[in-house]
>>> print(open('data-v6.pdb').read())   # PDB, C-alpha atoms
MODEL        1
ATOM      1  CA  MET A 564       7.493   2.933 -24.234
ATOM      2  CA  LEU A 565       7.172   4.358 -27.734
ATOM      3  CA  THR A 566       5.998   7.768 -26.486
ATOM      4  CA  PHE A 567       5.030   9.785 -23.418
ATOM      5  CA  ARG A 568       2.249  11.382 -25.446
ATOM      6  CA  CYS A 569      -1.253  10.117 -24.744
ATOM      7  CA  THR A 570      -4.872  10.941 -25.511
ATOM      8  CA  ASN A 571      -5.457  10.878 -21.747
ATOM      9  CA  ALA A 572      -3.892  12.541 -18.723
ATOM     10  CA  CYS A 573      -5.021   9.912 -16.218
ATOM     11  CA  ARG A 574      -4.697  10.776 -12.544
ATOM     12  CA  HIS A 575      -3.049   7.463 -11.746
ATOM     13  CA  CYS A 576      -0.401   7.572 -14.497
ATOM     14  CA  LEU A 577       2.971   6.615 -13.082
ATOM     15  CA  TYR A 578       4.692   8.019 -16.171
ATOM     16  CA  ARG A 579       2.856  11.375 -16.177
ATOM     17  CA  CYS A 580       1.703  10.929 -19.786
ATOM     18  CA  SER A 581      -0.522  13.553 -21.387
ATOM     19  CA  PRO A 582      -1.854  14.914 -24.712
ATOM     20  CA  ARG A 583       0.149  18.035 -23.889
ATOM     21  CA  HIS A 584       3.434  16.229 -24.418
ATOM     22  CA  GLU A 585       5.228  17.048 -27.633
ATOM     23  CA  ASP A 586       4.487  14.744 -30.556
ATOM     24  CA  ILE A 587       7.641  12.702 -29.973
ATOM     25  CA  PHE A 588       7.756   8.985 -30.712
ATOM     26  CA  MET A 589      10.675   6.593 -30.588
ATOM     27  CA  SER A 590      12.495   6.941 -33.911
ATOM     28  CA  GLU A 591      12.873   4.034 -36.323
ATOM     29  CA  GLU A 592      16.608   4.015 -35.654
ATOM     30  CA  THR A 593      16.057   3.825 -31.887
ATOM     31  CA  ILE A 594      13.423   1.113 -32.339
ATOM     32  CA  ASP A 595      15.880  -1.012 -34.307
ATOM     33  CA  ARG A 596      18.692  -0.376 -31.834
ATOM     34  CA  THR A 597      16.349  -1.285 -28.977
ATOM     35  CA  PHE A 598      15.362  -4.652 -30.403
ATOM     36  CA  GLU A 599      18.929  -5.342 -31.478
ATOM     37  CA  ALA A 600      20.040  -4.756 -27.871
ATOM     38  CA  LEU A 601      17.215  -6.873 -26.443
ATOM     39  CA  SER A 602      17.982  -9.700 -28.861
ATOM     40  CA  THR A 603      21.363 -10.242 -27.145
ATOM     41  CA  GLU A 604      19.839 -10.850 -23.708
ATOM     42  CA  ARG A 605      20.065 -14.458 -22.533
ATOM     43  CA  ARG A 606      16.702 -14.481 -20.741
ATOM     44  CA  LEU A 607      13.909 -12.222 -21.851
ATOM     45  CA  TYR A 608      10.134 -12.575 -21.711
ATOM     46  CA  GLY A 609       6.963 -10.567 -21.194
ATOM     47  CA  ILE A 610       7.804  -7.804 -23.658
ATOM     48  CA  HIS A 611       5.034  -5.379 -24.492
ATOM     49  CA  LEU A 612       4.686  -2.126 -26.411
ATOM     50  CA  ALA A 613       3.201   0.856 -24.652
ATOM     51  CA  GLY A 614       3.214   4.608 -24.164
ATOM     52  CA  GLY A 615       1.592   6.930 -23.563
ATOM     53  CA  GLU A 616      -0.762   5.739 -26.246
ATOM     54  CA  ALA A 617       1.241   4.044 -28.977
ATOM     55  CA  THR A 618      -1.636   4.100 -31.494
ATOM     56  CA  MET A 619      -1.223   7.876 -31.817
ATOM     57  CA  ASN A 620       1.409   7.018 -34.449
ATOM     58  CA  TRP A 621       0.268   3.895 -36.290
ATOM     59  CA  GLU A 622       3.145   3.761 -38.749
ATOM     60  CA  ARG A 623       5.771   3.904 -36.010
ATOM     61  CA  LEU A 624       3.854   1.328 -33.968
ATOM     62  CA  LEU A 625       3.679  -1.072 -36.914
ATOM     63  CA  TYR A 626       7.370  -0.479 -37.576
ATOM     64  CA  ALA A 627       8.138  -1.486 -33.966
ATOM     65  CA  ILE A 628       6.198  -4.733 -34.297
ATOM     66  CA  GLU A 629       7.990  -5.592 -37.534
ATOM     67  CA  SER A 630      11.376  -4.622 -36.062
ATOM     68  CA  ALA A 631      10.865  -6.976 -33.120
ATOM     69  CA  ARG A 632      10.174  -9.783 -35.572
ATOM     70  CA  ARG A 633      13.282  -8.970 -37.635
ATOM     71  CA  TYR A 634      15.498  -9.162 -34.558
ATOM     72  CA  GLY A 635      13.842 -12.314 -33.222
ATOM     73  CA  VAL A 636      12.368 -10.633 -30.129
ATOM     74  CA  THR A 637       9.013 -12.108 -29.115
ATOM     75  CA  LEU A 638       6.329  -9.596 -28.211
ATOM     76  CA  ASP A 639       3.487 -10.437 -25.851
ATOM     77  CA  TYR A 640       1.058  -7.595 -26.412
ATOM     78  CA  LEU A 641       0.346  -3.906 -26.964
ATOM     79  CA  GLU A 642      -1.178  -1.756 -24.218
ATOM     80  CA  THR A 643      -3.962   0.565 -25.405
ATOM     81  CA  ASN A 644      -6.583   2.787 -23.784
ATOM     82  CA  ALA A 645      -9.021   2.119 -26.673
ATOM     83  CA  SER A 646      -9.558   5.847 -27.271
ATOM     84  CA  TRP A 647      -9.370   5.170 -31.025
ATOM     85  CA  CYS A 648     -12.069   2.443 -31.006
ATOM     86  CA  GLU A 649     -15.082   4.625 -31.838
ATOM     87  CA  ASP A 650     -16.863   1.780 -33.648
ATOM     88  CA  GLU A 651     -16.464  -1.893 -34.564
ATOM     89  CA  PRO A 652     -15.151  -1.395 -38.146
ATOM     90  CA  THR A 653     -12.457   1.029 -36.925
ATOM     91  CA  ALA A 654     -11.422  -1.238 -34.066
ATOM     92  CA  ARG A 655     -11.370  -4.384 -36.192
ATOM     93  CA  ALA A 656      -9.357  -2.684 -38.926
ATOM     94  CA  GLY A 657      -6.799  -1.465 -36.414
ATOM     95  CA  PHE A 658      -6.399  -4.805 -34.673
ATOM     96  CA  GLU A 659      -6.163  -6.555 -38.065
ATOM     97  CA  ARG A 660      -3.254  -4.285 -39.022
ATOM     98  CA  LEU A 661      -1.516  -5.080 -35.752
ATOM     99  CA  ARG A 662      -2.038  -8.848 -36.062
ATOM    100  CA  HIS A 663      -0.898  -8.826 -39.690
ATOM    101  CA  ALA A 664       2.316  -7.057 -38.633
ATOM    102  CA  GLY A 665       2.980  -9.845 -36.136
ATOM    103  CA  LEU A 666       1.431  -8.713 -32.846
ATOM    104  CA  PRO A 667      -0.027 -11.681 -30.887
ATOM    105  CA  GLY A 668      -2.287  -9.823 -28.463
ATOM    106  CA  VAL A 669      -3.422  -6.665 -26.687
ATOM    107  CA  LEU A 670      -4.011  -5.345 -23.187
ATOM    108  CA  ILE A 671      -7.032  -3.037 -23.003
ATOM    109  CA  SER A 672      -7.191  -0.615 -20.106
ATOM    110  CA  ALA A 673     -10.399  -0.413 -18.077
ATOM    111  CA  SER A 674     -10.363   1.891 -15.068
ATOM    112  CA  LEU A 675     -12.235   4.843 -13.640
ATOM    113  CA  PHE A 676      -9.205   6.960 -14.491
ATOM    114  CA  HIS A 677      -9.331   6.050 -18.180
ATOM    115  CA  ASN A 678     -13.092   6.573 -18.169
ATOM    116  CA  GLU A 679     -12.564  10.265 -17.422
ATOM    117  CA  PHE A 680     -11.411  10.502 -21.061
ATOM    118  CA  THR A 681     -12.550   7.352 -22.879
ATOM    119  CA  PRO A 682     -16.245   6.341 -22.898
ATOM    120  CA  LEU A 683     -16.911   2.801 -21.728
ATOM    121  CA  ALA A 684     -18.566   2.069 -25.086
ATOM    122  CA  TYR A 685     -15.139   2.447 -26.769
ATOM    123  CA  THR A 686     -13.597   0.037 -24.274
ATOM    124  CA  LYS A 687     -16.302  -2.570 -24.910
ATOM    125  CA  VAL A 688     -16.016  -2.174 -28.693
ATOM    126  CA  ALA A 689     -12.262  -2.676 -28.386
ATOM    127  CA  ILE A 690     -12.683  -5.864 -26.332
ATOM    128  CA  ARG A 691     -15.196  -7.412 -28.743
ATOM    129  CA  ALA A 692     -13.103  -6.577 -31.807
ATOM    130  CA  ALA A 693      -9.846  -7.700 -30.212
ATOM    131  CA  VAL A 694     -11.314 -11.063 -29.169
ATOM    132  CA  ASP A 695     -12.508 -11.593 -32.760
ATOM    133  CA  ILE A 696      -9.036 -10.853 -34.111
ATOM    134  CA  PHE A 697      -6.696 -12.287 -31.465
ATOM    135  CA  GLY A 698      -8.952 -14.799 -29.691
ATOM    136  CA  HIS A 699      -9.715 -14.824 -25.977
ATOM    137  CA  SER A 700      -6.173 -15.887 -25.104
ATOM    138  CA  GLY A 701      -4.779 -12.849 -26.907
ATOM    139  CA  VAL A 702      -6.799 -10.244 -24.996
ATOM    140  CA  LEU A 703      -6.151  -9.044 -21.453
ATOM    141  CA  VAL A 704      -8.575  -6.558 -19.892
ATOM    142  CA  TRP A 705      -6.976  -4.547 -17.087
ATOM    143  CA  THR A 706      -9.066  -5.034 -15.072
ATOM    144  CA  THR A 707     -12.197  -7.130 -15.581
ATOM    145  CA  GLU A 708     -13.410  -6.298 -12.062
ATOM    146  CA  VAL A 709     -13.479  -2.567 -12.767
ATOM    147  CA  LEU A 710     -14.947  -3.154 -16.235
ATOM    148  CA  GLY A 711     -17.859  -5.053 -14.694
ATOM    149  CA  LEU A 712     -18.456  -2.405 -12.060
ATOM    150  CA  MET A 713     -18.507   0.379 -14.661
ATOM    151  CA  ASP A 714     -20.752  -1.627 -16.979
ATOM    152  CA  ARG A 715     -23.325  -2.047 -14.209
ATOM    153  CA  GLY A 716     -23.314   1.530 -12.967
ATOM    154  CA  LEU A 717     -22.149   4.007 -15.635
ATOM    155  CA  ASP A 718     -23.534   5.342 -18.893
ATOM    156  CA  SER A 719     -21.427   3.670 -21.577
ATOM    157  CA  ASP A 720     -21.804   6.475 -24.081
ATOM    158  CA  LYS A 721     -19.950   9.219 -22.239
ATOM    159  CA  PRO A 722     -16.916   9.720 -20.036
ATOM    160  CA  HIS A 723     -17.358  10.522 -16.347
ATOM    161  CA  THR A 724     -15.335  12.689 -14.045
ATOM    162  CA  LEU A 725     -13.840  10.726 -11.187
ATOM    163  CA  THR A 726     -16.108  12.568  -8.760
ATOM    164  CA  LYS A 727     -19.225  11.675 -10.752
ATOM    165  CA  ALA A 728     -18.179   8.040 -11.235
ATOM    166  CA  CYS A 729     -17.579   7.641  -7.503
ATOM    167  CA  GLU A 730     -20.987   9.161  -6.785
ATOM    168  CA  LEU A 731     -22.752   6.804  -9.204
ATOM    169  CA  LEU A 732     -20.872   3.734  -7.968
ATOM    170  CA  ASP A 733     -21.076   4.636  -4.275
ATOM    171  CA  LEU A 734     -17.316   4.801  -3.844
ATOM    172  CA  GLN A 735     -15.653   6.948  -1.196
ATOM    173  CA  PRO A 736     -12.160   8.080  -2.207
ATOM    174  CA  GLU A 737     -11.516   9.585   1.223
ATOM    175  CA  ARG A 738     -11.738   6.054   2.640
ATOM    176  CA  GLY A 739      -9.297   4.658   0.096
ATOM    177  CA  ASP A 740     -11.908   2.967  -2.126
ATOM    178  CA  LEU A 741     -10.164   3.937  -5.365
ATOM    179  CA  TRP A 742      -6.886   2.392  -4.230
ATOM    180  CA  ARG A 743      -8.593  -0.803  -3.089
ATOM    181  CA  LEU A 744     -10.545  -1.139  -6.339
ATOM    182  CA  HIS A 745      -7.484  -0.421  -8.490
ATOM    183  CA  ASN A 746      -5.095  -2.386  -6.305
ATOM    184  CA  TYR A 747      -2.243  -2.216  -8.829
ATOM    185  CA  LEU A 748      -1.763   1.538  -8.249
ATOM    186  CA  ARG A 749       1.616   2.828  -7.154
ATOM    187  CA  PRO A 750       1.949   6.008  -5.070
ATOM    188  CA  GLY A 751       4.348   7.733  -7.444
ATOM    189  CA  GLY A 752       4.119   9.786 -10.638
ATOM    190  CA  ARG A 753       0.833  11.624 -11.156
ATOM    191  CA  ALA A 754      -0.929   9.406  -8.601
ATOM    192  CA  ALA A 755       1.252  10.939  -5.885
ATOM    193  CA  GLU A 756       0.376  14.394  -7.169
ATOM    194  CA  ARG A 757      -3.360  14.014  -7.801
ATOM    195  CA  LEU A 758      -4.699  10.820  -6.235
ATOM    196  CA  THR A 759      -3.828  10.915  -2.565
ATOM    197  CA  ASP A 760      -7.307  10.920  -1.004
ATOM    198  CA  GLY A 761      -7.644   8.109   1.479
ATOM    199  CA  LEU A 762      -3.887   7.640   1.928
ATOM    200  CA  ALA A 763      -1.989   8.417   5.111
ATOM    201  CA  ARG A 764       0.745  11.031   4.884
ATOM    202  CA  HIS A 765       4.071  10.870   6.645
ATOM    203  CA  ALA A 766       6.915  13.235   7.400
ATOM    204  CA  PRO A 767      10.109  12.545   5.388
ATOM    205  CA  ASP A 768      11.808  11.110   8.462
ATOM    206  CA  ALA A 769       9.377   8.178   8.294
ATOM    207  CA  PHE A 770      11.306   6.977   5.225
ATOM    208  CA  GLU A 771      14.725   7.272   6.869
ATOM    209  CA  GLY A 772      17.011   4.448   5.708
ATOM    210  CA  ASP A 773      14.390   3.084   3.311
ATOM    211  CA  SER A 774      16.742   2.070   0.510
ATOM    212  CA  CYS A 775      15.688   1.720  -3.142
ATOM    213  CA  HIS A 776      18.318  -0.938  -3.799
ATOM    214  CA  GLU A 777      15.949  -3.811  -4.532
ATOM    215  CA  THR A 778      13.892  -1.827  -7.036
ATOM    216  CA  LEU A 779      16.697   0.031  -8.793
ATOM    217  CA  SER A 780      19.040  -2.948  -9.098
ATOM    218  CA  GLY A 781      16.359  -5.459 -10.098
ATOM    219  CA  THR A 782      15.994  -6.443 -13.753
ATOM    220  CA  SER A 783      12.860  -8.576 -13.620
ATOM    221  CA  HIS A 784      10.771  -5.562 -14.655
ATOM    222  CA  PHE A 785      12.195  -2.716 -16.683
ATOM    223  CA  HIS A 786      11.128  -0.145 -19.249
ATOM    224  CA  LEU A 787      12.827   1.509 -22.204
ATOM    225  CA  ASP A 788      11.618   5.033 -22.914
ATOM    226  CA  PRO A 789      11.357   6.794 -26.324
ATOM    227  CA  SER A 790      14.992   7.950 -26.105
ATOM    228  CA  GLY A 791      16.251   4.445 -25.326
ATOM    229  CA  ASN A 792      16.823   5.078 -21.604
ATOM    230  CA  LEU A 793      16.274   2.088 -19.330
ATOM    231  CA  PHE A 794      14.621   2.416 -15.944
ATOM    232  CA  THR A 795      14.050  -0.487 -13.598
ATOM    233  CA  GLY A 796      11.041  -1.463 -11.552
ATOM    234  CA  HIS A 797       8.504   1.343 -11.538
ATOM    235  CA  CYS A 798      10.942   4.245 -11.220
ATOM    236  CA  PRO A 799      10.529   6.474 -14.280
ATOM    237  CA  GLY A 800      12.803   9.492 -14.441
ATOM    238  CA  VAL A 801      15.834   7.696 -12.956
ATOM    239  CA  SER A 802      18.101   6.014 -15.489
ATOM    240  CA  VAL A 803      21.756   4.988 -15.662
ATOM    241  CA  ALA A 804      21.490   2.560 -18.600
ATOM    242  CA  ASP A 805      20.362   2.829 -22.192
ATOM    243  CA  ILE A 806      20.249   0.720 -25.327
ATOM    244  CA  SER A 807      23.919   1.394 -26.051
ATOM    245  CA  ASP A 808      24.779  -0.387 -22.784
ATOM    246  CA  LEU A 809      22.023  -2.207 -20.903
ATOM    247  CA  HIS A 810      24.449  -3.349 -18.182
ATOM    248  CA  PRO A 811      26.700  -0.382 -17.350
ATOM    249  CA  LYS A 812      29.154  -0.160 -14.500
ATOM    250  CA  VAL A 813      27.767   2.450 -12.139
ATOM    251  CA  SER A 814      29.756   4.436  -9.604
ATOM    252  CA  GLU A 815      29.267   7.409  -7.300
ATOM    253  CA  THR A 816      31.311   9.418  -9.784
ATOM    254  CA  THR A 817      29.149   8.634 -12.816
ATOM    255  CA  ALA A 818      25.767   8.481 -11.055
ATOM    256  CA  PRO A 819      25.834  10.004  -7.555
ATOM    257  CA  LEU A 820      22.070  10.359  -7.136
ATOM    258  CA  PHE A 821      21.404   6.810  -8.276
ATOM    259  CA  CYS A 822      24.000   5.443  -5.885
ATOM    260  CA  GLU A 823      22.575   7.448  -2.991
ATOM    261  CA  LEU A 824      19.109   6.073  -3.750
ATOM    262  CA  LEU A 825      20.598   2.582  -3.733
ATOM    263  CA  LYS A 826      22.057   3.188  -0.273
ATOM    264  CA  GLU A 827      19.699   5.499   1.585
ATOM    265  CA  GLY A 828      16.654   6.085  -0.621
ATOM    266  CA  PRO A 829      14.883   9.434  -1.111
ATOM    267  CA  VAL A 830      15.810  10.804   2.324
ATOM    268  CA  GLY A 831      19.436  10.300   1.330
ATOM    269  CA  ILE A 832      19.226  12.379  -1.846
ATOM    270  CA  TRP A 833      17.298  15.063   0.027
ATOM    271  CA  ARG A 834      19.993  15.414   2.681
ATOM    272  CA  GLU A 835      23.020  14.919   0.448
ATOM    273  CA  PHE A 836      21.976  16.848  -2.659
ATOM    274  CA  ALA A 837      18.965  19.025  -1.875
ATOM    275  CA  ASP A 838      19.381  20.551   1.565
ATOM    276  CA  ASP A 839      17.466  23.608   0.310
ATOM    277  CA  PHE A 840      14.384  21.468  -0.413
ATOM    278  CA  MET A 841      11.497  22.399   1.871
ATOM    279  CA  PRO A 842       9.311  19.345   2.613
ATOM    280  CA  ASP A 843       5.559  19.645   2.393
ATOM    281  CA  SER A 844       4.146  20.205   5.872
ATOM    282  CA  GLU A 845       1.328  17.772   5.050
ATOM    283  CA  GLY A 846       3.841  14.990   4.437
ATOM    284  CA  TYR A 847       4.047  12.330   1.715
ATOM    285  CA  VAL A 848       2.023   9.227   0.942
ATOM    286  CA  SER A 849       5.102   7.134   0.112
ATOM    287  CA  LYS A 850       8.825   7.343  -0.287
ATOM    288  CA  CYS A 851       8.220   7.449  -4.071
ATOM    289  CA  HIS A 852       6.130  10.592  -3.555
ATOM    290  CA  LEU A 853       8.962  12.217  -1.605
ATOM    291  CA  CYS A 854      11.497  11.063  -4.184
ATOM    292  CA  LEU A 855       9.526  12.574  -7.064
ATOM    293  CA  GLU A 856       9.293  15.962  -5.366
ATOM    294  CA  VAL A 857      12.983  16.013  -4.440
ATOM    295  CA  ARG A 858      13.980  15.028  -7.988
ATOM    296  CA  LYS A 859      11.768  17.728  -9.522
ATOM    297  CA  HIS A 860      13.428  20.227  -7.172
ATOM    298  CA  LEU A 861      16.911  19.041  -8.164
ATOM    299  CA  ARG A 862      16.109  19.198 -11.881
ATOM    300  CA  GLU A 863      15.319  22.888 -11.535
ATOM    301  CA  ARG A 864      18.722  23.651 -10.027
ATOM    302  CA  ARG A 865      21.385  21.647 -11.829
ATOM    303  CA  HIS A 866      21.948  18.814 -14.278
ATOM    304  CA  TYR A 867      22.159  15.246 -13.067
ATOM    305  CA  ALA A 868      22.667  12.796 -15.928
ATOM    306  CA  GLU A 869      20.612  10.073 -14.269
ATOM    307  CA  LEU A 870      17.496  12.268 -13.979
ATOM    308  CA  ARG A 871      16.113  11.646 -17.429
ATOM    309  CA  PRO A 872      14.310  11.929 -19.805
ATOM    310  CA  ASP A 873      13.122  15.529 -19.946
ATOM    311  CA  GLU A 874       9.612  14.438 -20.985
ATOM    312  CA  PHE A 875       8.934  12.825 -17.613
ATOM    313  CA  TYR A 876       9.725  16.014 -15.699
ATOM    314  CA  GLN A 877       7.534  18.362 -17.704
ATOM    315  CA  PRO A 878       4.675  19.943 -15.668
ATOM    316  CA  TRP A 879       1.890  17.801 -17.066
TER     317      TRP A 879
ENDMDL
END
>>> encode(input="data-v6.pdb", output="structure tokens")
Amino acid sequence: MLTFRCTNACRHCLYRCSPRHEDIFMSEETIDRTFEALSTERRLYGIHLAGGEATMNWERLLYAIESARRYGVTLDYLETNASWCEDEPTARAGFERLRHAGLPGVLISASLFHNEFTPLAYTKVAIRAAVDIFGHSGVLVWTTEVLGLMDRGLDSDKPHTLTKACELLDLQPERGDLWRLHNYLRPGGRAAERLTDGLARHAPDAFEGDSCHETLSGTSHFHLDPSGNLFTGHCPGVSVADISDLHPKVSETTAPLFCELLKEGPVGIWREFADDFMPDSEGYVSKCHLCLEVRKHLRERRHYAELRPDEFYQPW
């Protein structure tokens, strides 16, 4: 993740990215240290560059691609929302720069959440240009199902509010249609704050004993944020490792919140560290939703080293 800054503030964003974030990108030094650290891993695959929207700083993005090549780390693709693809010449020129630097492919986002900010015409221009530059095998549209639905029912030349898009496409959020259509969504981050229509809510006790051990201790899917912090699974804002030590020894002394999440999950950190937290009477759509609210509460009251980076916890 080269930045938390983005052209969009999508309702489903797990990482709470926004154009209101400060203009902070991963530094060249941190980029080099990141790929140097990754180059020492024995098994590593599926690496992609992302944000936020990484194309908001082209020079730093190109530097990251070249740094990966210098350290022998194979990249798979760049994630982009295509907000910069106003026309074919612009899109082609951008993708040419990326390919020339050594990038093998791109993932282009296509969702009703992105369409609140990015016209479908930009998305389609990006796909056509990317296929010309990288070939079909180098372009992943996430997702083609939603792209097709939007192409059949929405005006390509303008963005649509989520309410208007649902009206035009005959979708009913209160029945969970958005979550079924975008079945990769996770009920955490901004989705837990702004996209809960159609989801059942539960009292905190419903998540009693629901440990986060599998997610937090797993290394099959992890992210490195602009400061070099590592978070596992899909748990942004909780980190005990960074590029100076990707495999630290963790204890209740060095990371008490993390260890409590490993053992007892969000209910554990509520009861052990935030007994003054008042749960929402309407309940929570997931344990990740509860966890986010408890962590935001804790951040306001004292410092916990594992609750980082600051960018994730800003009120975006």
>>> residues_around(input="data-v6.pdb", residues="Asp740 in chain A", least_positions_apart="2", cutoff="12 Å", atoms="all atoms listed in the file", output="list of chain:residue names")
A:Leu675, A:Cys729, A:Glu730, A:Leu732, A:Asp733, A:Leu734, A:Gln735, A:Pro736, A:Glu737, A:Arg738, A:Trp742, A:Arg743, A:Leu744, A:His745, A:Asn746, A:Leu748, A:Leu758, A:Thr759, A:Asp760, A:Gly761, A:Leu762
>>> residues_around(input="data-v6.pdb", residues="Ala868 in chain A", least_positions_apart="3", cutoff="9 Å", atoms="all atoms listed in the file", output="PyMOL selection string")
chain A and resi 802-803+817-818+871
>>> resolve_selection(input="data-v6.pdb", expression="the PyMOL selection byres ((chain A and resi 875) around 7)", output="CSV table (one decimal) with C-alpha atoms, in the coordinates of the input")
chain,number,residue,atom,x,y,z
A,578,TYR,CA,4.7,8.0,-16.2
A,579,ARG,CA,2.9,11.4,-16.2
A,800,GLY,CA,12.8,9.5,-14.4
A,872,PRO,CA,14.3,11.9,-19.8
A,873,ASP,CA,13.1,15.5,-19.9
A,874,GLU,CA,9.6,14.4,-21.0
A,876,TYR,CA,9.7,16.0,-15.7
A,877,GLN,CA,7.5,18.4,-17.7
>>> residues_around(input="data-v6.pdb", residues="range 615-628 of chain A", least_positions_apart="3", cutoff="10 Å", atoms="all atoms listed in the file", output="count of residues only")
52
>>> atom_distance(input="data-v6.pdb", atom1="CA of Leu824 in chain A", atom2="CA of Ala837 in chain A")
13.1 Å
>>> closest_residue(input="data-v6.pdb", among="A:Ile696, A:Leu741, A:Leu717, A:Ile610", to="His575 in chain A", atoms="all atoms listed in the file")
A:Leu741
>>> closest_residue(input="data-v6.pdb", among="A:Val704, A:Val813, A:Leu683, A:Ala693", to="Asp718 in chain A", atoms="only C-alpha atoms")
A:Leu683
>>> atom_distance(input="data-v6.pdb", atom1="CA of Leu703 in chain A", atom2="CA of Gly668 in chain A")
8.0 Å
>>> closest_residue(input="data-v6.pdb", among="A:Phe785, A:Tyr634, A:Phe680, A:Tyr747", to="Gly609 in chain A", atoms="only C-alpha atoms")
A:Phe785
>>> closest_residue(input="data-v6.pdb", among="A:Leu731, A:Phe770, A:Ala600, A:Glu659", to="Phe697 in chain A", atoms="only C-alpha atoms")
A:Glu659
>>> build_atoms(input="data-v6.pdb", residues="range 818-830 of chain A", atoms="N, CA and C atoms", output="CSV table (one decimal), in the coordinates of the input")
chain,number,residue,atom,x,y,z
A,818,ALA,N,27.2,8.4,-11.4
A,818,ALA,CA,25.8,8.5,-11.1
A,818,ALA,C,25.6,8.7,-9.6
A,819,PRO,N,25.9,9.8,-9.0
A,819,PRO,CA,25.8,10.0,-7.6
A,819,PRO,C,24.4,9.9,-7.0
A,820,LEU,N,23.4,10.4,-7.7
A,820,LEU,CA,22.1,10.4,-7.1
A,820,LEU,C,21.6,8.9,-7.1
A,821,PHE,N,21.8,8.2,-8.2
A,821,PHE,CA,21.4,6.8,-8.3
A,821,PHE,C,22.0,6.0,-7.1
A,822,CYS,N,23.3,6.2,-6.9
A,822,CYS,CA,24.0,5.4,-5.9
A,822,CYS,C,23.5,5.8,-4.5
A,823,GLU,N,23.1,7.1,-4.3
A,823,GLU,CA,22.6,7.4,-3.0
A,823,GLU,C,21.2,6.8,-2.8
A,824,LEU,N,20.4,6.7,-3.8
A,824,LEU,CA,19.1,6.1,-3.8
A,824,LEU,C,19.3,4.6,-3.4
A,825,LEU,N,20.3,4.0,-4.0
A,825,LEU,CA,20.6,2.6,-3.7
A,825,LEU,C,20.9,2.4,-2.2
A,826,LYS,N,21.6,3.3,-1.7
A,826,LYS,CA,22.1,3.2,-0.3
A,826,LYS,C,21.0,3.7,0.7
A,827,GLU,N,20.5,4.9,0.6
A,827,GLU,CA,19.7,5.5,1.6
A,827,GLU,C,18.3,5.9,1.1
A,828,GLY,N,18.0,5.7,-0.1
A,828,GLY,CA,16.7,6.1,-0.6
A,828,GLY,C,16.4,7.6,-0.7
A,829,PRO,N,15.2,8.0,-0.9
A,829,PRO,CA,14.9,9.4,-1.1
A,829,PRO,C,15.4,10.4,0.0
A,830,VAL,N,15.3,9.9,1.3
A,830,VAL,CA,15.8,10.8,2.3
A,830,VAL,C,17.3,11.1,2.1
